[in-house]
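Asks: My file is work-v1.pdb. It has PDB, C-alpha atoms and all ligand atoms:
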```
MODEL        1
ATOM      1  CA  MET J   1      37.159  -1.343 -26.743
ATOM      2  CA  SER J   2      38.398  -4.859 -27.309
ATOM      3  CA  GLY J   3      37.014  -8.355 -26.908
ATOM      4  CA  THR J   4      33.583  -9.743 -27.640
ATOM      5  CA  PRO J   5      30.748  -8.303 -25.550
ATOM      6  CA  SER J   6      29.181 -11.053 -23.488
ATOM      7  CA  TYR J   7      25.862 -11.358 -21.726
ATOM      8  CA  LYS J   8      26.081 -11.406 -17.931
ATOM      9  CA  ALA J   9      23.188 -13.282 -16.350
ATOM     10  CA  LEU J  10      22.074 -12.618 -12.804
ATOM     11  CA  PRO J  11      22.885 -15.511 -10.501
ATOM     12  CA  TYR J  12      19.966 -17.942 -10.180
ATOM     13  CA  ALA J  13      17.693 -17.080  -7.235
ATOM     14  CA  PRO J  14      16.873 -20.258  -5.291
ATOM     15  CA  PHE J  15      13.235 -20.629  -4.227
ATOM     16  CA  ASP J  16      14.026 -20.691  -0.502
ATOM     17  CA  GLY J  17      15.049 -17.048  -0.255
ATOM     18  CA  LEU J  18      12.364 -15.510  -2.395
ATOM     19  CA  LEU J  19      10.001 -14.535   0.428
ATOM     20  CA  ASP J  20      12.625 -14.258   3.143
ATOM     21  CA  PHE J  21      12.759 -10.793   4.708
ATOM     22  CA  ARG J  22      15.071 -11.649   7.593
ATOM     23  CA  GLY J  23      17.518  -8.801   8.189
ATOM     24  CA  LYS J  24      15.280  -6.375   6.287
ATOM     25  CA  THR J  25      13.235  -3.456   7.568
ATOM     26  CA  ALA J  26       9.753  -2.620   6.310
ATOM     27  CA  VAL J  27       7.991   0.650   7.121
ATOM     28  CA  VAL J  28       4.199   0.566   6.739
ATOM     29  CA  THR J  29       1.984   3.652   6.986
ATOM     30  CA  GLY J  30      -1.527   3.279   8.358
ATOM     31  CA  GLY J  31      -0.587  -0.076   9.866
ATOM     32  CA  GLY J  32      -2.616   0.392  13.036
ATOM     33  CA  ASP J  33      -5.600  -1.459  11.613
ATOM     34  CA  GLY J  34      -7.200  -2.794   8.446
ATOM     35  CA  ILE J  35      -5.092  -3.642   5.407
ATOM     36  CA  GLY J  36      -2.023  -1.914   6.885
ATOM     37  CA  LEU J  37      -2.151  -4.089  10.002
ATOM     38  CA  ALA J  38      -2.329  -7.197   7.795
ATOM     39  CA  ILE J  39       0.639  -5.921   5.784
ATOM     40  CA  ALA J  40       2.643  -5.341   8.973
ATOM     41  CA  ARG J  41       1.829  -8.895  10.078
ATOM     42  CA  ARG J  42       2.802 -10.448   6.730
ATOM     43  CA  PHE J  43       6.192  -8.711   6.613
ATOM     44  CA  ALA J  44       6.894  -9.627  10.237
ATOM     45  CA  GLU J  45       5.901 -13.249   9.530
ATOM     46  CA  ALA J  46       8.367 -13.182   6.624
ATOM     47  CA  GLY J  47      11.104 -12.173   9.066
ATOM     48  CA  ALA J  48      11.188  -8.394   8.575
ATOM     49  CA  ARG J  49      11.516  -5.862  11.339
ATOM     50  CA  VAL J  50       8.437  -3.728  10.879
ATOM     51  CA  VAL J  51       7.864  -0.106  11.824
ATOM     52  CA  VAL J  52       4.293   1.161  11.593
ATOM     53  CA  GLY J  53       3.536   4.859  11.149
ATOM     54  CA  ASP J  54      -0.051   5.593  12.095
ATOM     55  CA  LEU J  55      -2.028   8.254  13.932
ATOM     56  CA  GLN J  56      -2.801   5.566  16.492
ATOM     57  CA  ALA J  57      -1.120   2.383  17.695
ATOM     58  CA  GLY J  58      -4.380   0.589  16.977
ATOM     59  CA  ARG J  59      -3.840  -3.163  17.072
ATOM     60  CA  THR J  60      -0.082  -3.182  16.490
ATOM     61  CA  GLY J  61       0.358  -4.197  20.144
ATOM     62  CA  GLU J  62      -1.360  -7.498  19.341
ATOM     63  CA  LEU J  63       1.378  -8.319  16.822
ATOM     64  CA  ALA J  64       4.141  -7.433  19.265
ATOM     65  CA  ALA J  65       2.400  -9.550  21.936
ATOM     66  CA  GLU J  66       2.626 -12.531  19.533
ATOM     67  CA  GLY J  67       6.389 -12.017  19.403
ATOM     68  CA  LEU J  68       6.425 -10.374  15.979
ATOM     69  CA  ASP J  69       8.955  -7.570  15.542
ATOM     70  CA  VAL J  70       6.488  -4.714  15.021
ATOM     71  CA  ARG J  71       6.665  -1.292  16.613
ATOM     72  CA  HIS J  72       4.472   1.771  16.282
ATOM     73  CA  VAL J  73       5.660   5.345  15.773
ATOM     74  CA  PRO J  74       2.898   7.964  16.108
ATOM     75  CA  THR J  75       2.704   9.581  12.667
ATOM     76  CA  ASP J  76       0.383  11.787  10.692
ATOM     77  CA  VAL J  77       1.448  11.066   7.114
ATOM     78  CA  THR J  78       0.241  14.481   5.957
ATOM     79  CA  VAL J  79       2.959  16.146   8.068
ATOM     80  CA  GLN J  80       6.291  15.731   6.298
ATOM     81  CA  GLU J  81       8.348  16.217   9.458
ATOM     82  CA  GLN J  82       6.462  13.347  11.065
ATOM     83  CA  VAL J  83       7.145  11.059   8.105
ATOM     84  CA  ASP J  84      10.832  11.993   8.377
ATOM     85  CA  GLY J  85      10.588  11.214  12.092
ATOM     86  CA  LEU J  86       9.074   7.805  11.287
ATOM     87  CA  LEU J  87      11.879   6.944   8.872
ATOM     88  CA  ASP J  88      14.539   8.266  11.243
ATOM     89  CA  ALA J  89      13.072   6.093  14.002
ATOM     90  CA  ALA J  90      13.246   3.048  11.709
ATOM     91  CA  MET J  91      16.878   3.854  10.823
ATOM     92  CA  ALA J  92      17.779   4.394  14.486
ATOM     93  CA  ALA J  93      16.180   1.094  15.538
ATOM     94  CA  HIS J  94      17.274  -1.108  12.623
ATOM     95  CA  GLY J  95      19.959   0.765  10.676
ATOM     96  CA  ARG J  96      18.271   0.432   7.275
ATOM     97  CA  ILE J  97      15.039   0.661   5.318
ATOM     98  CA  ASP J  98      14.363  -1.894   2.587
ATOM     99  CA  VAL J  99      10.628  -1.614   2.027
ATOM    100  CA  PHE J 100       8.250   1.328   2.287
ATOM    101  CA  VAL J 101       4.513   0.702   2.028
ATOM    102  CA  ASN J 102       2.312   3.755   1.422
ATOM    103  CA  ASN J 103      -0.917   2.342   2.795
ATOM    104  CA  ALA J 104      -2.574   5.073   4.902
ATOM    105  CA  GLY J 105      -5.656   6.320   3.124
ATOM    106  CA  ILE J 106      -9.135   7.691   3.709
ATOM    107  CA  TYR J 107     -12.343   7.146   1.799
ATOM    108  CA  PRO J 108     -15.160   9.460   2.863
ATOM    109  CA  LEU J 109     -17.869   9.591   0.192
ATOM    110  CA  ARG J 110     -19.864  12.549  -1.134
ATOM    111  CA  PRO J 111     -22.031  13.164  -4.180
ATOM    112  CA  VAL J 112     -20.498  15.519  -6.735
ATOM    113  CA  ASP J 113     -22.594  18.520  -5.643
ATOM    114  CA  ASP J 114     -21.472  18.211  -2.005
ATOM    115  CA  VAL J 115     -17.731  18.094  -2.699
ATOM    116  CA  ASP J 116     -16.076  21.336  -1.599
ATOM    117  CA  GLY J 117     -12.467  22.489  -1.625
ATOM    118  CA  ALA J 118     -11.707  21.362   1.918
ATOM    119  CA  PHE J 119     -13.071  17.866   1.242
ATOM    120  CA  TRP J 120     -11.076  17.565  -1.987
ATOM    121  CA  ASP J 121      -7.862  18.895  -0.404
ATOM    122  CA  ARG J 122      -8.052  16.516   2.573
ATOM    123  CA  MET J 123      -8.593  13.544   0.257
ATOM    124  CA  PHE J 124      -5.557  14.462  -1.813
ATOM    125  CA  ALA J 125      -3.448  15.391   1.234
ATOM    126  CA  VAL J 126      -3.732  11.874   2.696
ATOM    127  CA  ASN J 127      -4.201   9.687  -0.366
ATOM    128  CA  CYS J 128      -1.824  11.352  -2.790
ATOM    129  CA  LYS J 129       0.458  14.123  -1.508
ATOM    130  CA  ALA J 130       1.480  12.148   1.589
ATOM    131  CA  MET J 131       2.259   9.112  -0.580
ATOM    132  CA  PHE J 132       4.548  11.158  -2.815
ATOM    133  CA  PHE J 133       6.480  12.721   0.047
ATOM    134  CA  GLY J 134       6.618   9.395   1.890
ATOM    135  CA  ALA J 135       8.126   7.733  -1.187
ATOM    136  CA  GLN J 136      10.521  10.658  -1.647
ATOM    137  CA  ALA J 137      11.738  10.470   1.963
ATOM    138  CA  ALA J 138      12.063   6.663   1.940
ATOM    139  CA  SER J 139      13.824   6.528  -1.429
ATOM    140  CA  ARG J 140      16.365   9.159  -0.348
ATOM    141  CA  ARG J 141      17.400   6.845   2.476
ATOM    142  CA  MET J 142      17.383   3.766   0.205
ATOM    143  CA  LYS J 143      19.573   5.596  -2.331
ATOM    144  CA  ALA J 144      22.052   6.478   0.425
ATOM    145  CA  GLN J 145      22.191   2.785   1.418
ATOM    146  CA  GLY J 146      22.990   1.892  -2.210
ATOM    147  CA  GLN J 147      21.303  -1.521  -2.130
ATOM    148  CA  GLY J 148      18.017  -0.780  -3.854
ATOM    149  CA  GLY J 149      14.664  -1.248  -2.217
ATOM    150  CA  ALA J 150      10.955  -1.596  -2.853
ATOM    151  CA  ILE J 151       8.061   0.813  -2.502
ATOM    152  CA  VAL J 152       4.450  -0.333  -2.708
ATOM    153  CA  ASN J 153       1.588   2.170  -2.909
ATOM    154  CA  LEU J 154      -2.023   1.340  -2.114
ATOM    155  CA  SER J 155      -4.280   2.466  -4.934
ATOM    156  CA  SER J 156      -7.770   1.004  -5.367
ATOM    157  CA  ILE J 157     -10.108  -0.530  -7.889
ATOM    158  CA  CYS J 158     -11.579   2.991  -7.735
ATOM    159  CA  GLY J 159      -8.487   4.245  -9.529
ATOM    160  CA  HIS J 160      -9.549   2.047 -12.447
ATOM    161  CA  LYS J 161     -13.308   2.433 -12.614
ATOM    162  CA  PRO J 162     -15.833   4.947 -11.268
ATOM    163  CA  MET J 163     -18.014   4.317  -8.230
ATOM    164  CA  PRO J 164     -21.025   6.435  -7.228
ATOM    165  CA  ASN J 165     -20.166   9.276  -4.775
ATOM    166  CA  HIS J 166     -16.458   8.481  -5.070
ATOM    167  CA  CYS J 167     -15.323  11.318  -7.376
ATOM    168  CA  ALA J 168     -12.610  12.797  -5.135
ATOM    169  CA  TYR J 169     -11.488   9.346  -3.944
ATOM    170  CA  ASP J 170     -11.377   7.893  -7.462
ATOM    171  CA  ALA J 171      -9.294  10.858  -8.622
ATOM    172  CA  SER J 172      -6.855  10.497  -5.718
ATOM    173  CA  LYS J 173      -6.374   6.781  -6.419
ATOM    174  CA  GLY J 174      -5.990   7.349 -10.161
ATOM    175  CA  ALA J 175      -3.248   9.804  -9.257
ATOM    176  CA  VAL J 176      -1.529   7.071  -7.225
ATOM    177  CA  LEU J 177      -1.361   4.876 -10.340
ATOM    178  CA  ALA J 178       0.231   7.660 -12.401
ATOM    179  CA  MET J 179       2.615   8.603  -9.588
ATOM    180  CA  THR J 180       3.678   4.965  -9.180
ATOM    181  CA  ARG J 181       4.665   4.711 -12.835
ATOM    182  CA  ASN J 182       6.610   7.965 -12.666
ATOM    183  CA  LEU J 183       8.454   7.054  -9.466
ATOM    184  CA  ALA J 184       9.293   3.632 -10.910
ATOM    185  CA  LEU J 185      11.025   5.328 -13.831
ATOM    186  CA  ALA J 186      12.836   7.854 -11.643
ATOM    187  CA  LEU J 187      14.053   5.319  -9.071
ATOM    188  CA  ALA J 188      14.913   2.360 -11.339
ATOM    189  CA  PRO J 189      18.532   3.528 -11.793
ATOM    190  CA  HIS J 190      18.916   3.105  -8.028
ATOM    191  CA  GLY J 191      17.503  -0.420  -8.016
ATOM    192  CA  ILE J 192      14.385   0.782  -6.224
ATOM    193  CA  ARG J 193      11.225  -0.844  -7.570
ATOM    194  CA  VAL J 194       7.904   0.970  -7.215
ATOM    195  CA  ASN J 195       4.565  -0.753  -7.718
ATOM    196  CA  SER J 196       0.986  -0.408  -6.564
ATOM    197  CA  VAL J 197      -1.769  -2.708  -5.405
ATOM    198  CA  SER J 198      -5.417  -1.965  -6.156
ATOM    199  CA  PRO J 199      -7.685  -3.758  -3.718
ATOM    200  CA  GLY J 200     -11.318  -4.351  -4.444
ATOM    201  CA  LEU J 201     -13.831  -4.408  -1.627
ATOM    202  CA  THR J 202     -11.924  -5.481   1.495
ATOM    203  CA  ALA J 203     -13.289  -6.296   4.948
ATOM    204  CA  THR J 204     -11.565  -3.643   7.082
ATOM    205  CA  PRO J 205     -12.879  -1.472   9.934
ATOM    206  CA  GLY J 206     -13.127   1.459   7.534
ATOM    207  CA  ASN J 207     -15.283  -0.510   5.124
ATOM    208  CA  LEU J 208     -17.339  -2.385   7.703
ATOM    209  CA  LYS J 209     -18.731   0.775   9.291
ATOM    210  CA  PRO J 210     -22.455  -0.055   9.562
ATOM    211  CA  GLU J 211     -23.750   2.734   7.316
ATOM    212  CA  LEU J 212     -21.230   2.009   4.562
ATOM    213  CA  PHE J 213     -21.727  -1.743   4.853
ATOM    214  CA  ARG J 214     -25.499  -1.296   4.541
ATOM    215  CA  GLN J 215     -25.017   0.820   1.413
ATOM    216  CA  LEU J 216     -22.822  -1.912  -0.059
ATOM    217  CA  GLN J 217     -25.347  -4.638   0.672
ATOM    218  CA  ASP J 218     -28.291  -2.590  -0.585
ATOM    219  CA  SER J 219     -26.474  -1.731  -3.803
ATOM    220  CA  GLY J 220     -26.071  -5.449  -4.545
ATOM    221  CA  VAL J 221     -22.387  -4.882  -5.140
ATOM    222  CA  LEU J 222     -21.380  -8.331  -3.910
ATOM    223  CA  ASP J 223     -23.448  -9.905  -6.715
ATOM    224  CA  HIS J 224     -21.157  -8.152  -9.174
ATOM    225  CA  ILE J 225     -17.945  -9.519  -7.715
ATOM    226  CA  PRO J 226     -17.233 -12.759  -9.596
ATOM    227  CA  LEU J 227     -15.707 -14.435  -6.510
ATOM    228  CA  ARG J 228     -18.885 -13.383  -4.609
ATOM    229  CA  ARG J 229     -17.170 -12.074  -1.478
ATOM    230  CA  GLN J 230     -15.070  -9.273  -0.072
ATOM    231  CA  ALA J 231     -11.303  -9.678   0.206
ATOM    232  CA  GLU J 232      -9.791 -10.383   3.581
ATOM    233  CA  PRO J 233      -7.016  -7.921   4.493
ATOM    234  CA  PHE J 234      -4.425 -10.722   4.524
ATOM    235  CA  GLU J 235      -5.112 -11.400   0.838
ATOM    236  CA  ILE J 236      -4.158  -7.831  -0.031
ATOM    237  CA  ALA J 237      -1.146  -8.053   2.295
ATOM    238  CA  SER J 238       0.145 -11.186   0.546
ATOM    239  CA  THR J 239       0.165  -9.315  -2.761
ATOM    240  CA  VAL J 240       2.049  -6.390  -1.236
ATOM    241  CA  LEU J 241       4.605  -8.832   0.178
ATOM    242  CA  PHE J 242       4.990 -10.465  -3.246
ATOM    243  CA  LEU J 243       5.621  -7.134  -4.984
ATOM    244  CA  ALA J 244       8.214  -6.110  -2.387
ATOM    245  CA  SER J 245       9.969  -9.491  -2.478
ATOM    246  CA  PRO J 246      12.661 -10.961  -4.718
ATOM    247  CA  MET J 247       9.799 -12.970  -6.304
ATOM    248  CA  ALA J 248       9.017  -9.723  -8.139
ATOM    249  CA  SER J 249      12.616  -8.685  -8.807
ATOM    250  CA  TYR J 250      11.835  -7.671 -12.420
ATOM    251  CA  VAL J 251       8.493  -6.004 -11.674
ATOM    252  CA  THR J 252       8.369  -2.241 -11.467
ATOM    253  CA  GLY J 253       5.890   0.478 -12.416
ATOM    254  CA  THR J 254       2.962  -1.887 -12.472
ATOM    255  CA  ASP J 255      -0.325  -2.231 -10.624
ATOM    256  CA  LEU J 256      -1.893  -5.442  -9.388
ATOM    257  CA  LEU J 257      -5.669  -5.516  -9.104
ATOM    258  CA  VAL J 258      -6.692  -7.751  -6.202
ATOM    259  CA  ASP J 259     -10.445  -7.517  -6.603
ATOM    260  CA  GLY J 260     -11.990 -10.978  -6.971
ATOM    261  CA  GLY J 261     -12.591 -10.163 -10.640
ATOM    262  CA  TRP J 262     -14.794  -7.127  -9.899
ATOM    263  CA  PHE J 263     -13.137  -5.038 -12.621
ATOM    264  CA  LEU J 264     -14.373  -7.549 -15.198
ATOM    265  CA  HIS J 265     -17.960  -6.825 -14.239
ATOM    266  CA  GLY J 266     -20.158  -3.716 -14.069
ATOM    267  CA  ILE J 267     -20.711  -1.871 -10.798
TER
HETATM  268  N1  LIG F   1     -10.923  -1.445   2.488
HETATM  269  C1  LIG F   1     -11.116  -1.428   1.182
HETATM  270  O1  LIG F   1     -12.107  -1.985   0.657
HETATM  271  C2  LIG F   1     -10.123  -0.755   0.269
HETATM  272  C3  LIG F   1     -10.307  -0.902  -1.110
HETATM  273  C4  LIG F   1      -9.396  -0.287  -1.977
HETATM  274  C5  LIG F   1      -8.333   0.429  -1.484
HETATM  275  N2  LIG F   1      -8.184   0.567  -0.120
HETATM  276  C6  LIG F   1      -7.023   1.358   0.333
HETATM  277  O2  LIG F   1      -6.258   0.583   1.239
HETATM  278  C7  LIG F   1      -5.662   1.435   2.230
HETATM  279  C8  LIG F   1      -6.052   0.953   3.622
HETATM  280  O3  LIG F   1      -7.466   0.952   3.723
HETATM  281  P1  LIG F   1      -8.225   0.323   4.996
HETATM  282  O4  LIG F   1      -9.566  -0.077   4.511
HETATM  283  O5  LIG F   1      -7.354  -0.666   5.670
HETATM  284  O6  LIG F   1      -8.420   1.627   5.909
HETATM  285  P2  LIG F   1      -8.864   1.714   7.442
HETATM  286  O7  LIG F   1      -9.664   2.968   7.548
HETATM  287  O8  LIG F   1      -9.474   0.435   7.912
HETATM  288  O9  LIG F   1      -7.460   1.900   8.184
HETATM  289  C9  LIG F   1      -6.622   2.967   7.790
HETATM  290  C10 LIG F   1      -5.504   3.198   8.795
HETATM  291  O10 LIG F   1      -4.810   4.366   8.342
HETATM  292  C11 LIG F   1      -4.647   5.245   9.440
HETATM  293  N3  LIG F   1      -4.611   6.634   8.976
HETATM  294  C12 LIG F   1      -5.616   7.368   8.454
HETATM  295  N4  LIG F   1      -5.196   8.629   8.206
HETATM  296  C13 LIG F   1      -3.886   8.678   8.574
HETATM  297  C14 LIG F   1      -2.906   9.702   8.583
HETATM  298  N5  LIG F   1      -3.173  10.952   8.177
HETATM  299  N6  LIG F   1      -1.660   9.393   9.032
HETATM  300  C15 LIG F   1      -1.371   8.152   9.468
HETATM  301  N7  LIG F   1      -2.261   7.150   9.509
HETATM  302  C16 LIG F   1      -3.510   7.408   9.064
HETATM  303  C17 LIG F   1      -5.825   4.990  10.375
HETATM  304  O11 LIG F   1      -5.533   5.394  11.690
HETATM  305  C18 LIG F   1      -6.005   3.475  10.214
HETATM  306  O12 LIG F   1      -5.254   2.738  11.158
HETATM  307  C19 LIG F   1      -6.157   2.849   1.914
HETATM  308  O13 LIG F   1      -5.190   3.522   1.142
HETATM  309  C20 LIG F   1      -7.426   2.607   1.107
HETATM  310  O14 LIG F   1      -7.739   3.681   0.252
HETATM  311  C21 LIG F   1      -9.060  -0.006   0.763
ENDMDL
END
```
I'd like the structure from this file rewritten - as structure tokens, please.
Replies:
Amino acid sequence: MSGTPSYKALPYAPFDGLLDFRGKTAVVTGGGDGIGLAIARRFAEAGARVVVGDLQAGRTGELAAEGLDVRHVPTDVTVQEQVDGLLDAAMAAHGRIDVFVNNAGIYPLRPVDDVDGAFWDRMFAVNCKAMFFGAQAASRRMKAQGQGGAIVNLSSICGHKPMPNHCAYDASKGAVLAMTRNLALALAPHGIRVNSVSPGLTATPGNLKPELFRQLQDSGVLDHIPLRRQAEPFEIASTVLFLASPMASYVTGTDLLVDGGWFLHGI
């Protein structure tokens, strides 16, 4: 070895390109409605070609009708072959995958005594196992491309603090936080960043079901959210876009709570 070692700085990243996803492909699971639909919209607005994997097309057609580059591939994320099919469809249509968002999730609630094995297994199949195998399948393709990538997993405020009747859900979302940190470590050598977003109470079809909404109102939960309102899905989507973008080029293995300050307060 000869010569003096010298520090090599990354070239400066001008502001203009930091949220520019033109030429990039984003795959979003559970993008047929709710937070996933808002994520699909945000990435498409930022110039990405977006492929949504969901059981149902849901409202993705509305985005396409607006001229946004969003297509739906019927996918059950709990079936690995279907997730492979989703990613293959994205590769066939666009030739690359730059962003993978593990958003599909379920949140049925049961008191501890009513949780049985089937309930627990279903919760973990969708909210945890499918996220791992989705990230595995997406990162294999990103590694082959050799240009890095970004994976964002949807956890929840429930991964950080307990909610009544949420035992199985809380556990599945806590697992997402741990898995995110592990994947970040494993994929960093390939330039693939892995982060999670933990929404608080967000106004989506799943959460606005009348019986659940009534429970939320009766429990006085909104009084405990410092910003005194639910999140809109686009507010969660903006955070996902940030984490996947060059704005967050040095961010990996972390979780962003987007909860209106709810974590700071009691239930
Ligand atoms: N809404 C909230 O308040 C809130 C809070 C914290 C975290 N989250 C998390 O955010 C994510 C999205 O939640 P949401 O409220 O938008 O949900 P939602 O129920 O409104 O929509 C979920 C979407 O996922 C799809 N989906 C469900 N199971 C699927 C499967 N097996 N395969 C493919 N697609 C499937 C549904 O068809 C639907 O389009 C979830 O991971 C959820 O746990 C939501």
Asks: From the list J:Leu55, J:Leu86, J:Ala46, J:Leu185, which residue is nearest ligand LIG 1 (chain F) when using only C-alpha atoms and all ligand atoms?
Replies: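 Looking at the shortest contact to ligand LIG 1 (chain F), the residue is J:Leu55.
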Asks: Check every protein, DNA and RNA residue against ligand LIG 1 (chain F), keep those with an atom at most 7 Å away (counting all atoms listed in the file), and present them as a PDB file with C-alpha atoms, in the frame of the given file.
Replies:
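Contents of the output file result39.pdb:
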```
ATOM      1  CA  THR J  29       1.984   3.652   6.986  1.00  0.00           C
ATOM      2  CA  GLY J  30      -1.527   3.279   8.358  1.00  0.00           C
ATOM      3  CA  GLY J  31      -0.587  -0.076   9.866  1.00  0.00           C
ATOM      4  CA  GLY J  32      -2.616   0.392  13.036  1.00  0.00           C
ATOM      5  CA  ASP J  33      -5.600  -1.459  11.613  1.00  0.00           C
ATOM      6  CA  GLY J  34      -7.200  -2.794   8.446  1.00  0.00           C
ATOM      7  CA  ILE J  35      -5.092  -3.642   5.407  1.00  0.00           C
ATOM      8  CA  GLY J  36      -2.023  -1.914   6.885  1.00  0.00           C
ATOM      9  CA  GLY J  53       3.536   4.859  11.149  1.00  0.00           C
ATOM     10  CA  ASP J  54      -0.051   5.593  12.095  1.00  0.00           C
ATOM     11  CA  LEU J  55      -2.028   8.254  13.932  1.00  0.00           C
ATOM     12  CA  GLN J  56      -2.801   5.566  16.492  1.00  0.00           C
ATOM     13  CA  GLY J  58      -4.380   0.589  16.977  1.00  0.00           C
ATOM     14  CA  THR J  75       2.704   9.581  12.667  1.00  0.00           C
ATOM     15  CA  ASP J  76       0.383  11.787  10.692  1.00  0.00           C
ATOM     16  CA  VAL J  77       1.448  11.066   7.114  1.00  0.00           C
ATOM     17  CA  THR J  78       0.241  14.481   5.957  1.00  0.00           C
ATOM     18  CA  ASN J 103      -0.917   2.342   2.795  1.00  0.00           C
ATOM     19  CA  ALA J 104      -2.574   5.073   4.902  1.00  0.00           C
ATOM     20  CA  GLY J 105      -5.656   6.320   3.124  1.00  0.00           C
ATOM     21  CA  ILE J 106      -9.135   7.691   3.709  1.00  0.00           C
ATOM     22  CA  TYR J 107     -12.343   7.146   1.799  1.00  0.00           C
ATOM     23  CA  VAL J 126      -3.732  11.874   2.696  1.00  0.00           C
ATOM     24  CA  ASN J 127      -4.201   9.687  -0.366  1.00  0.00           C
ATOM     25  CA  LEU J 154      -2.023   1.340  -2.114  1.00  0.00           C
ATOM     26  CA  SER J 155      -4.280   2.466  -4.934  1.00  0.00           C
ATOM     27  CA  SER J 156      -7.770   1.004  -5.367  1.00  0.00           C
ATOM     28  CA  ILE J 157     -10.108  -0.530  -7.889  1.00  0.00           C
ATOM     29  CA  CYS J 158     -11.579   2.991  -7.735  1.00  0.00           C
ATOM     30  CA  SER J 198      -5.417  -1.965  -6.156  1.00  0.00           C
ATOM     31  CA  PRO J 199      -7.685  -3.758  -3.718  1.00  0.00           C
ATOM     32  CA  GLY J 200     -11.318  -4.351  -4.444  1.00  0.00           C
ATOM     33  CA  LEU J 201     -13.831  -4.408  -1.627  1.00  0.00           C
ATOM     34  CA  THR J 202     -11.924  -5.481   1.495  1.00  0.00           C
ATOM     35  CA  ALA J 203     -13.289  -6.296   4.948  1.00  0.00           C
ATOM     36  CA  THR J 204     -11.565  -3.643   7.082  1.00  0.00           C
ATOM     37  CA  PRO J 205     -12.879  -1.472   9.934  1.00  0.00           C
ATOM     38  CA  GLY J 206     -13.127   1.459   7.534  1.00  0.00           C
ATOM     39  CA  ASN J 207     -15.283  -0.510   5.124  1.00  0.00           C
TER      40      ASN J 207
END
```
Asks: Residue by residue, what does the PyMOL selection byres (((chain J and resi 91) around 12) and not hetatm) grab here? Present the result as an MDAnalysis selection string.
Replies: chainID J and resid 24:27 49:51 84:90 92:98 138 141:142 144:145
Asks: Work out how far apart CA of Pro162 in chain J and CA of Leu264 in chain J are and give it in Å to one decimal.
Replies: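 Those two atoms sit 13.2 Å apart.
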Asks: Taking the file above as input, evaluate the PyMOL selection byres (((chain J and resi 258) around 8) and not hetatm) and report the hits as a PyMOL selection string.
Replies: chain J and resi 197-200+236+239+256-257+259-261
Asks: Of the candidates J:Arg110, J:Lys143, J:Lys129, J:Arg214, which shows the shortest atom-to-atom distance to Cys167 in chain J, using only C-alpha atoms?
Replies: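 Result for the nearest residue to Cys167 in chain J: J:Arg110.
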Asks: Check what the PyMOL selection byres (((chain J and resi 190) around 12) and not hetatm) selects in the file above and give those residues as a count of residues only.
Replies: 23
Asks: Edge lengths and centre in Å to one decimal, as JSON, of the axis-aligned box that encloses all listed atoms of range 42-46 of chain J with 3 Å added on every side?
Replies:
```
{"center_x": 5.6, "center_y": -11.0, "center_z": 8.4, "size_x": 11.6, "size_y": 10.5, "size_z": 9.6}
```
Asks: Of the residues J:Glu235, J:Glu66, J:Glu211, J:Glu45, which is the one nearest to Pro108 in chain J, using only C-alpha atoms?
Replies: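 Residue with the minimum atom-to-atom distance to Pro108 in chain J: J:Glu211.
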Asks: Which is closer to Ala65 in chain J than all the others in J:Gln80, J:Leu177, J:Met247, J:Arg41, using all atoms listed in the file?
Replies: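 Counting all atoms listed in the file, the residue closest to Ala65 in chain J is J:Arg41.
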Asks: Take CA of Tyr12 in chain J and CA of Val251 in chain J and report the distance between them in Å, one decimal.
Replies: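 That distance, rounded to one decimal, is 16.6 Å.
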Asks: Looking at J:Cys128, J:Ile151, J:Val83, J:Leu243, which one is nearest to Asp170 in chain J, with distances taken over all atoms listed in the file?
Replies: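 Closest candidate: J:Cys128.
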Asks: Closest to Pro111 in chain J among J:Ala237, J:Val52, J:Ala168, J:Ala40, using all atoms listed in the file?
Replies: J:Ala168
Asks: Just give me the gap between CA of Trp120 in chain J and CA of Gln217 in chain J in Å, one decimal is fine.
Replies: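 According to the coordinates, CA of Trp120 in chain J and CA of Gln217 in chain J are separated by 26.5 Å.
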Asks: Can you find the residues with an atom no farther than 7 Å from (1.1, -1.7, -12.9), counting all atoms listed in the file, and report them as a list of chain:residue names?
Replies: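 Protein, DNA and RNA residues close to (1.1, -1.7, -12.9): J:Asn195, J:Ser196, J:Gly253, J:Thr254, J:Asp255, J:Leu256.
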